[in-house]
file start.cif (mmCIF, C-alpha atoms)
data_structure
loop_
_atom_site.label_atom_id
_atom_site.label_comp_id
_atom_site.auth_asym_id
_atom_site.auth_seq_id
_atom_site.Cartn_x
_atom_site.Cartn_y
_atom_site.Cartn_z
CA MET A 140 53.53 40.94 -6.33
CA ALA A 141 57.02 40.47 -4.90
CA SER A 142 59.57 43.18 -5.63
CA ASN A 143 62.90 42.52 -7.31
CA ASP A 144 64.60 42.90 -3.92
CA GLU A 145 62.30 40.32 -2.33
CA ARG A 146 62.92 37.87 -5.17
CA LEU A 147 66.68 38.35 -4.78
CA VAL A 148 66.54 37.63 -1.05
CA ALA A 149 64.26 34.62 -1.60
CA GLU A 150 66.74 33.12 -4.06
CA LEU A 151 69.67 33.87 -1.77
CA ARG A 152 67.84 32.21 1.12
CA ALA A 153 67.05 29.08 -0.87
CA LEU A 154 70.54 28.73 -2.30
CA LEU A 155 72.26 29.30 1.03
CA HIS A 156 70.01 26.67 2.64
CA GLU A 157 70.88 24.26 -0.17
CA GLN A 158 74.59 24.70 0.50
CA GLY A 159 74.36 24.38 4.28
CA VAL A 160 75.92 27.74 5.11
CA LEU A 161 74.59 30.24 7.64
CA PRO A 162 70.92 30.83 6.80
CA LEU A 163 69.13 34.06 6.07
CA PRO A 164 66.12 33.91 8.43
CA GLU A 165 62.68 33.69 6.89
CA ASP A 166 61.57 37.02 8.33
CA HIS A 167 64.69 38.93 7.27
CA LEU A 168 64.60 41.30 4.32
CA PRO A 169 67.63 43.61 4.03
CA ASP A 170 66.91 47.28 3.65
CA GLN A 171 67.36 48.99 0.30
CA GLY A 172 70.95 49.99 1.04
CA ASP A 173 71.93 46.42 1.91
CA VAL A 174 70.29 45.08 -1.25
CA GLU A 175 72.12 47.61 -3.40
CA GLN A 176 75.40 46.68 -1.77
CA MET A 177 74.76 42.96 -2.33
CA LEU A 178 73.86 43.56 -5.95
CA TRP A 179 77.02 45.55 -6.55
CA GLN A 180 79.28 42.93 -5.00
CA ILE A 181 77.53 40.02 -6.73
CA ARG A 182 77.70 41.72 -10.12
CA ALA A 183 81.34 42.63 -9.58
CA ALA A 184 82.09 38.96 -8.99
CA ASP A 185 79.82 37.60 -11.71
CA ARG A 186 81.45 39.54 -14.54
CA ARG A 187 84.64 37.58 -13.93
CA ARG A 188 83.04 34.17 -13.55
CA THR A 189 81.77 31.53 -15.86
CA ALA A 190 78.03 31.60 -16.41
CA ARG A 191 77.45 28.54 -14.27
CA ARG A 192 74.78 28.77 -11.57
CA ASN A 193 77.16 27.50 -8.90
CA ALA A 194 79.53 30.39 -9.52
CA TRP A 195 76.74 32.89 -8.86
CA LEU A 196 75.83 30.93 -5.74
CA ALA A 197 79.39 31.18 -4.46
CA SER A 198 79.49 34.94 -4.81
CA ALA A 199 76.03 35.35 -3.26
CA ALA A 200 76.91 33.15 -0.30
CA ALA A 201 80.05 35.13 0.36
CA VAL A 202 78.19 38.44 0.25
CA VAL A 203 75.63 37.26 2.82
CA THR A 204 77.78 35.07 5.07
CA ALA A 205 81.48 35.71 4.45
CA VAL A 206 82.20 32.57 6.44
CA ALA A 207 82.19 29.04 5.07
CA LEU A 208 83.84 29.65 1.70
CA ALA A 209 85.34 33.00 0.79
CA THR A 210 84.39 33.14 -2.88
CA THR A 211 83.62 36.68 -3.98
CA MET A 212 86.72 37.37 -6.04
CA VAL A 213 87.46 34.71 -8.65
CA PHE A 214 88.87 34.95 -12.16
CA ALA A 215 87.88 32.58 -14.97
CA PRO A 216 89.25 30.51 -16.51
CA ALA A 217 91.58 29.41 -13.73
CA PRO A 218 93.60 26.25 -13.17
CA ALA A 219 93.23 24.13 -10.07
CA VAL A 220 96.06 24.59 -7.56
CA ALA A 221 97.29 22.74 -4.51
CA PHE A 222 95.80 23.75 -1.19
CA PRO A 223 98.02 26.10 0.83
CA ALA A 224 100.16 24.62 3.59
CA LEU A 225 98.76 24.74 7.11
CA LEU A 226 100.42 27.25 9.41
CA GLU A 227 101.96 26.09 12.68
CA TYR A 228 100.94 27.47 16.09
CA THR A 229 102.70 27.24 19.44
CA THR A 230 99.77 25.91 21.49
CA ALA A 231 97.36 23.92 19.31
CA ALA A 232 96.71 23.05 15.69
CA PRO A 233 93.53 24.54 14.18
CA GLN A 234 91.84 21.14 13.93
CA ASN A 235 92.27 20.84 17.72
CA ALA A 236 90.86 24.30 18.41
CA ALA A 237 88.06 22.98 20.61
CA ASP A 238 90.69 21.71 23.06
CA ALA A 239 92.81 24.89 23.01
CA PRO A 240 92.70 27.40 25.91
CA VAL A 241 89.95 30.00 26.02
CA ALA A 242 91.31 33.20 24.44
CA SER A 243 89.90 35.82 26.82
CA ALA A 244 93.19 37.08 28.28
CA GLU A 245 95.02 37.24 24.95
CA LEU A 246 92.13 39.04 23.27
CA ARG A 247 92.05 41.67 26.00
CA GLU A 248 95.79 42.18 25.48
CA ALA A 249 95.10 42.62 21.76
CA ALA A 250 92.43 45.21 22.62
CA LEU A 251 94.95 47.22 24.64
CA ALA A 252 97.47 47.10 21.79
CA ALA A 253 94.84 48.12 19.22
CA ARG A 254 93.94 51.24 21.21
CA ASP A 255 97.59 52.31 21.10
CA HIS A 256 98.05 51.71 17.34
CA PRO A 257 95.49 53.61 15.26
CA VAL A 258 95.69 53.23 11.49
CA SER A 259 97.40 56.26 9.99
CA GLY A 260 97.07 58.12 6.71
CA THR A 261 95.75 61.39 5.36
CA GLY A 262 92.64 62.15 3.38
CA ASP A 263 89.01 61.09 3.75
CA VAL A 264 88.95 58.00 1.48
CA GLN A 265 89.15 54.60 3.18
CA TYR A 266 91.52 52.13 1.52
CA VAL A 267 91.89 48.40 2.24
CA ALA A 268 94.06 45.96 0.26
CA ARG A 269 93.91 42.20 0.86
CA SER A 270 95.59 39.17 -0.66
CA GLY A 271 94.25 35.67 -0.45
CA TRP A 272 93.55 32.34 -2.04
CA LEU A 273 89.81 32.08 -2.44
CA MET A 274 87.77 29.00 -3.24
CA SER A 275 85.61 28.63 -6.35
CA VAL A 276 83.24 25.67 -5.97
CA HIS A 277 82.00 23.88 -9.08
CA ALA A 278 78.78 21.96 -8.54
CA GLY A 279 77.68 19.65 -11.31
CA ASP A 280 77.59 15.89 -11.50
CA ASP A 281 80.70 16.08 -9.31
CA VAL A 282 81.67 18.81 -6.87
CA ASP A 283 85.21 20.16 -7.06
CA ALA A 284 87.01 23.38 -6.25
CA ASP A 285 89.76 25.68 -7.44
CA LEU A 286 91.81 28.03 -5.26
CA ILE A 287 92.62 31.30 -6.95
CA PRO A 288 95.32 33.69 -5.70
CA THR A 289 93.67 37.11 -5.68
CA VAL A 290 94.50 40.65 -4.54
CA THR A 291 91.55 42.93 -3.85
CA GLN A 292 91.89 46.67 -3.32
CA MET A 293 88.88 48.69 -2.20
CA TRP A 294 88.38 52.42 -1.85
CA LEU A 295 85.39 53.97 -0.08
CA GLY A 296 84.78 57.67 -0.45
CA PRO A 297 83.09 60.01 2.04
CA ASP A 298 80.02 60.16 -0.23
CA GLY A 299 79.61 56.36 -0.25
CA ALA A 300 81.08 55.83 -3.71
CA ALA A 301 83.42 52.86 -4.01
CA ARG A 302 85.91 51.20 -6.32
CA MET A 303 87.17 47.61 -6.26
CA ASP A 304 90.29 46.53 -8.16
CA GLN A 305 91.16 42.86 -8.46
CA SER A 306 94.22 41.11 -9.83
CA ARG A 307 96.04 37.81 -9.76
CA GLY A 308 97.76 37.39 -6.40
CA ALA A 309 101.22 36.26 -5.37
CA ALA A 310 102.35 32.66 -5.19
CA LEU A 311 103.23 30.95 -1.89
CA ASP A 312 106.51 29.44 -0.74
CA LEU A 313 106.78 25.91 0.63
CA ASP A 314 105.81 27.13 4.10
CA GLY A 315 102.56 28.57 2.78
CA ARG A 316 103.60 32.22 3.03
CA LEU A 317 103.27 34.92 0.41
CA LYS A 318 106.32 35.42 -1.79
CA SER A 319 105.33 39.06 -2.24
CA THR A 320 103.20 41.47 -0.21
CA ALA A 321 103.31 44.23 -2.81
CA THR A 322 100.00 45.52 -4.15
CA PRO A 323 99.64 45.13 -7.93
CA LYS A 324 100.56 47.97 -10.24
CA PRO A 325 97.74 49.50 -12.33
CA ASP A 326 99.03 47.90 -15.54
CA VAL A 327 98.57 44.38 -14.14
CA LEU A 328 95.03 44.81 -12.86
CA ARG A 329 92.49 42.33 -14.22
CA SER A 330 89.30 44.18 -13.35
CA THR A 331 87.91 47.39 -11.89
CA ASP A 332 84.36 47.86 -10.63
CA THR A 333 82.81 51.03 -9.29
CA ALA A 334 79.74 51.87 -7.23
CA PRO A 335 78.03 55.26 -7.25
CA ALA A 336 77.71 57.72 -4.39
CA GLY A 337 75.41 56.42 -1.67
CA ALA A 338 76.07 52.74 -2.39
CA PHE A 339 77.84 52.30 0.97
CA ASP A 340 77.69 54.03 4.34
CA PRO A 341 81.25 55.19 5.07
CA SER A 342 80.23 56.34 8.56
CA LEU A 343 79.25 52.85 9.75
CA PRO A 344 82.41 52.30 11.86
CA ASP A 345 81.77 55.59 13.66
CA MET A 346 78.16 54.64 14.35
CA LEU A 347 78.80 51.21 15.87
CA PRO A 348 78.78 51.15 19.70
CA ARG A 349 82.01 50.77 21.67
CA ASP A 350 80.46 49.10 24.69
CA PRO A 351 81.24 45.38 24.24
CA GLN A 352 77.73 44.13 25.05
CA ALA A 353 76.04 46.71 22.83
CA LEU A 354 78.56 46.06 20.04
CA ARG A 355 78.01 42.30 20.30
CA ALA A 356 74.27 42.78 19.89
CA ALA A 357 74.78 45.15 16.95
CA LEU A 358 77.10 42.74 15.12
CA LEU A 359 74.71 39.81 15.56
CA GLU A 360 71.76 41.98 14.52
CA ARG A 361 73.53 42.87 11.26
CA TRP A 362 73.42 39.16 10.39
CA ALA A 363 69.92 38.56 11.78
CA LEU A 364 71.20 35.43 13.49
CA PRO A 365 68.38 33.19 14.78
CA ALA A 366 67.84 33.17 18.54
CA THR A 367 68.33 29.39 18.48
CA ALA A 368 71.93 29.67 17.23
CA GLY A 369 74.45 27.86 19.40
CA ALA A 370 77.47 29.41 21.09
CA ASP A 371 79.88 28.26 18.38
CA GLU A 372 77.66 29.66 15.60
CA GLN A 373 77.35 32.98 17.42
CA ALA A 374 81.11 33.24 17.93
CA TRP A 375 81.76 32.29 14.29
CA THR A 376 79.27 34.93 13.16
CA LEU A 377 80.88 37.60 15.33
CA ALA A 378 84.36 36.76 14.02
CA ALA A 379 83.18 36.66 10.42
CA GLU A 380 81.38 39.99 10.73
CA ILE A 381 84.48 41.56 12.29
CA ALA A 382 86.60 40.27 9.38
CA ASP A 383 84.04 41.49 6.84
CA LEU A 384 83.97 44.99 8.33
CA HIS A 385 87.78 45.13 8.33
CA GLY A 386 87.67 44.19 4.66
CA ARG A 387 85.54 47.21 3.71
CA PHE A 388 86.38 49.92 6.21
CA VAL A 389 89.37 51.46 7.97
CA MET A 390 88.75 50.52 11.59
CA PRO A 391 89.04 53.25 14.25
CA ALA A 392 91.38 52.12 17.03
CA ASP A 393 88.69 52.17 19.71
CA LEU A 394 86.32 50.09 17.57
CA ALA A 395 88.99 47.48 16.79
CA ALA A 396 89.70 47.26 20.52
CA ALA A 397 86.00 46.90 21.34
CA MET A 398 85.72 44.05 18.81
CA TRP A 399 88.44 42.10 20.60
CA ASP A 400 86.70 42.79 23.90
CA VAL A 401 83.53 41.31 22.39
CA LEU A 402 85.32 38.11 21.35
CA ALA A 403 87.04 37.95 24.75
CA GLY A 404 83.62 37.27 26.23
CA GLU A 405 83.00 34.27 23.94
CA PRO A 406 84.08 31.00 25.62
CA THR A 407 84.19 29.16 22.28
CA VAL A 408 86.92 31.48 20.92
CA ARG A 409 90.19 29.66 21.57
CA HIS A 410 93.84 30.73 21.52
CA LEU A 411 96.00 28.63 19.20
CA GLY A 412 99.12 30.43 20.35
CA HIS A 413 101.60 32.42 18.30
CA THR A 414 102.32 31.94 14.60
CA THR A 415 103.99 33.65 11.70
CA ALA A 416 101.19 34.87 9.45
CA ARG A 417 101.28 34.39 5.70
CA ASP A 418 102.84 37.82 5.20
CA GLY A 419 105.64 37.07 7.69
CA GLN A 420 104.25 39.08 10.60
CA PRO A 421 104.08 37.66 14.15
CA ALA A 422 100.48 37.00 15.13
CA ASP A 423 98.18 35.40 17.65
CA GLY A 424 95.76 32.83 16.26
CA PHE A 425 92.19 33.02 17.59
CA ALA A 426 89.96 30.18 16.43
CA ILE A 427 86.32 29.15 16.43
CA ASP A 428 85.51 25.49 15.83
CA TRP A 429 82.15 24.78 14.19
CA ASP A 430 81.12 21.18 13.64
CA ARG A 431 77.83 20.72 11.77
CA PRO A 432 76.90 17.01 11.97
CA ASP A 433 73.75 17.57 9.93
CA THR A 434 75.88 18.48 6.88
CA GLY A 435 79.05 16.54 7.69
CA ILE A 436 80.99 19.81 7.44
CA HIS A 437 83.50 20.62 10.17
CA GLN A 438 85.40 23.90 9.85
CA VAL A 439 87.60 26.18 11.92
CA PHE A 440 87.73 29.94 11.35
CA VAL A 441 90.94 31.65 12.51
CA LEU A 442 91.65 35.34 13.02
CA HIS A 443 95.29 36.42 12.91
CA VAL A 444 95.88 39.46 15.12
CA SER A 445 99.23 41.23 15.18
CA THR A 446 101.09 40.67 18.44
CA ILE A 447 102.57 44.17 17.99
CA THR A 448 99.70 46.42 16.90
CA GLY A 449 96.62 44.43 17.93
CA GLN A 450 95.23 44.86 14.43
CA LEU A 451 93.61 42.16 12.31
CA ILE A 452 96.15 41.04 9.71
CA GLY A 453 94.58 37.88 8.33
CA THR A 454 91.97 35.14 8.40
CA GLU A 455 92.02 31.42 7.65
CA THR A 456 89.27 28.91 6.94
CA ILE A 457 90.37 25.35 7.71
CA THR A 458 87.99 22.64 6.59
CA VAL A 459 88.45 19.48 8.66
CA THR A 460 85.79 17.47 6.85
CA ASP A 461 83.47 18.18 3.94
CA PRO A 462 81.81 15.21 2.20
CA ALA A 463 80.91 17.20 -0.91
CA LEU A 464 84.55 18.15 -1.52
CA ASP A 465 85.97 14.80 -0.33
CA ILE A 466 87.93 16.58 2.39
CA THR A 467 88.72 14.18 5.22
CA GLU A 468 91.71 15.90 6.84
CA PRO A 469 92.48 19.52 7.83
CA THR A 470 92.73 21.64 4.66
CA VAL A 471 93.11 25.38 4.15
CA THR A 472 90.14 26.21 1.92
CA GLY A 473 90.64 29.96 2.03
CA PHE A 474 92.74 32.68 3.60
CA GLU A 475 93.19 36.43 3.38
CA VAL A 476 96.03 38.73 4.42
CA TRP A 477 95.60 42.48 4.93
CA LEU A 478 98.33 44.14 2.87
CA ARG A 479 97.59 47.84 3.38
CA THR A 480 94.98 49.77 5.32
CA GLY A 481 94.72 53.53 5.68
CA MET A 482 93.17 56.83 4.71
CA VAL A 483 94.12 58.26 1.31
CA GLU A 484 93.39 61.45 -0.60
CA THR A 485 91.46 60.08 -3.58
CA ILE A 486 89.80 56.91 -4.84
CA GLY A 487 92.44 54.98 -6.78
CA ALA A 488 95.40 56.15 -4.69
CA PRO A 489 97.31 53.44 -2.79
CA ALA A 490 97.98 53.60 0.93
CA THR A 491 101.58 53.44 2.07
CA THR A 492 100.95 52.36 5.66
CA GLU A 493 101.21 48.76 6.79
CA PRO A 494 98.11 47.14 8.39
#
call {"tool": "encode", "arguments": {"input": "start.cif", "output": "structure tokens"}}
result
Amino acid sequence: MASNDERLVAELRALLHEQGVLPLPEDHLPDQGDVEQMLWQIRAADRRRTARRNAWLASAAAVVTAVALATTMVFAPAPAVAFPALLEYTTAAPQNAADAPVASAELREAALAARDHPVSGTGDVQYVARSGWLMSVHAGDDVDADLIPTVTQMWLGPDGAARMDQSRGAALDLDGRLKSTATPKPDVLRSTDTAPAGAFDPSLPDMLPRDPQALRAALLERWALPATAGADEQAWTLAAEIADLHGRFVMPADLAAAMWDVLAGEPTVRHLGHTTARDGQPADGFAIDWDRPDTGIHQVFVLHVSTITGQLIGTETITVTDPALDITEPTVTGFEVWLRTGMVETIGAPATTEP
């Protein structure tokens, strides 16, 4: 008889296949710790969603893939909003990423900067605060989507206990940038979810290898990517895993640098040039173009890396085409901005350092 964990993974696998996002291979069964983490994140999202099956699918897909549609933090009910404005880059637009220059040199420069700018703070609790507009997909007779401004704050203690606070995020100006980068005050929070000791492994960043080739293999292994995956899918997976880890952990400077060295070896990672990120910081845009003719979906995933500190400060998902959502031109279907990252004394305490 299949266990509850096996049934969960089987349903995740089937639903992800149905939606055309990165698959969970048939022979992959996450270990107990991974399952517990997925359950916690899915339940944290589900309590703030409608009871529709597609809403559960969106949260599950984000937990496993964190790529095509960032959908783990959504409040309900929520009105539909206009898609955020596209950012401008000095070299190439995101939809032309495949024709942009290979990003190797710029990523190695980012690695050097990251080594010289470790994240500061005192204490032994990891704190990460992000703001973004995340997509909630509604699948019924018709498929449509809402974009919900959301701020997520996460604390991870040395014993593996965690807390996630979520609240309505800031509006954008006409240029598509955040009107406020302040983290919400406790009296405006919409939800708080906690996980017990042992739910996460706070030492994971310390355990990952720093050698670029070994780190590349470790990142791909965490996703159990099929050996048949193409170069663009591998690069997308690496970038998405790097963003996911930054969203849950405070990155040691040498690990952040090693991550950029990993991407520097990927010929499908392209440099869009310089931009002003959605929080007003100067950034380099590093993009991976992934066109999936079998689904009709063409997307570009962009990492924004500070030109000053070499740290990840944001991500963008630009959907060029998606038949299910009637998207036929480049559209920002999700973005996140890192507001604060640092070590704090206790779970619940905000960090004062910039990312």
call {"tool": "resolve_selection", "arguments": {"input": "start.cif", "expression": "the PyMOL selection byres ((chain A and resi 224-239) around 6)", "output": "mmCIF file with C-alpha atoms, in the coordinates of the input"}}
result
data_model
loop_
_atom_site.group_PDB
_atom_site.id
_atom_site.type_symbol
_atom_site.label_atom_id
_atom_site.label_comp_id
_atom_site.auth_asym_id
_atom_site.auth_seq_id
_atom_site.Cartn_x
_atom_site.Cartn_y
_atom_site.Cartn_z
ATOM 1 C CA PRO A 223 98.020 26.100 0.830
ATOM 2 C CA PRO A 240 92.700 27.400 25.910
ATOM 3 C CA GLY A 315 102.560 28.570 2.780
ATOM 4 C CA ARG A 409 90.190 29.660 21.570
ATOM 5 C CA LEU A 411 96.000 28.630 19.200
ATOM 6 C CA GLY A 412 99.120 30.430 20.350
ATOM 7 C CA HIS A 413 101.600 32.420 18.300
ATOM 8 C CA THR A 414 102.320 31.940 14.600
ATOM 9 C CA ASP A 428 85.510 25.490 15.830
#
call {"tool": "resolve_selection", "arguments": {"input": "start.cif", "expression": "the PyMOL selection byres ((chain A and resi 440-457) around 6)", "output": "list in words"}}
result
Ala249, Ala252, Ala253, His256, Ala422, Asp423, Gly424, Phe425, Ala426, Ile427, Gln438, Val439, Thr458, Thr470, Val471, Thr472, Gly473, Phe474, Glu475, Val476 and Trp477 of chain A
call {"tool": "resolve_selection", "arguments": {"input": "start.cif", "expression": "the PyMOL selection byres ((chain A and resi 318) around 10)", "output": "number ranges by chain"}}
result
A: 308-313, 315-317, 319-321, 417-419
call {"tool": "atom_distance", "arguments": {"input": "start.cif", "atom1": "CA of Ala463 in chain A", "atom2": "CA of Leu377 in chain A"}}
result
26.1 Å
call {"tool": "closest_residue", "arguments": {"input": "start.cif", "among": "A:Met346, A:Val290, A:Ser243, A:Leu464", "to": "Leu402 in chain A", "atoms": "only C-alpha atoms"}}
result
A:Ser243
call {"tool": "closest_residue", "arguments": {"input": "start.cif", "among": "A:Gln265, A:Thr434, A:Thr322, A:Gln352", "to": "Met293 in chain A", "atoms": "all atoms listed in the file"}}
result
A:Gln265
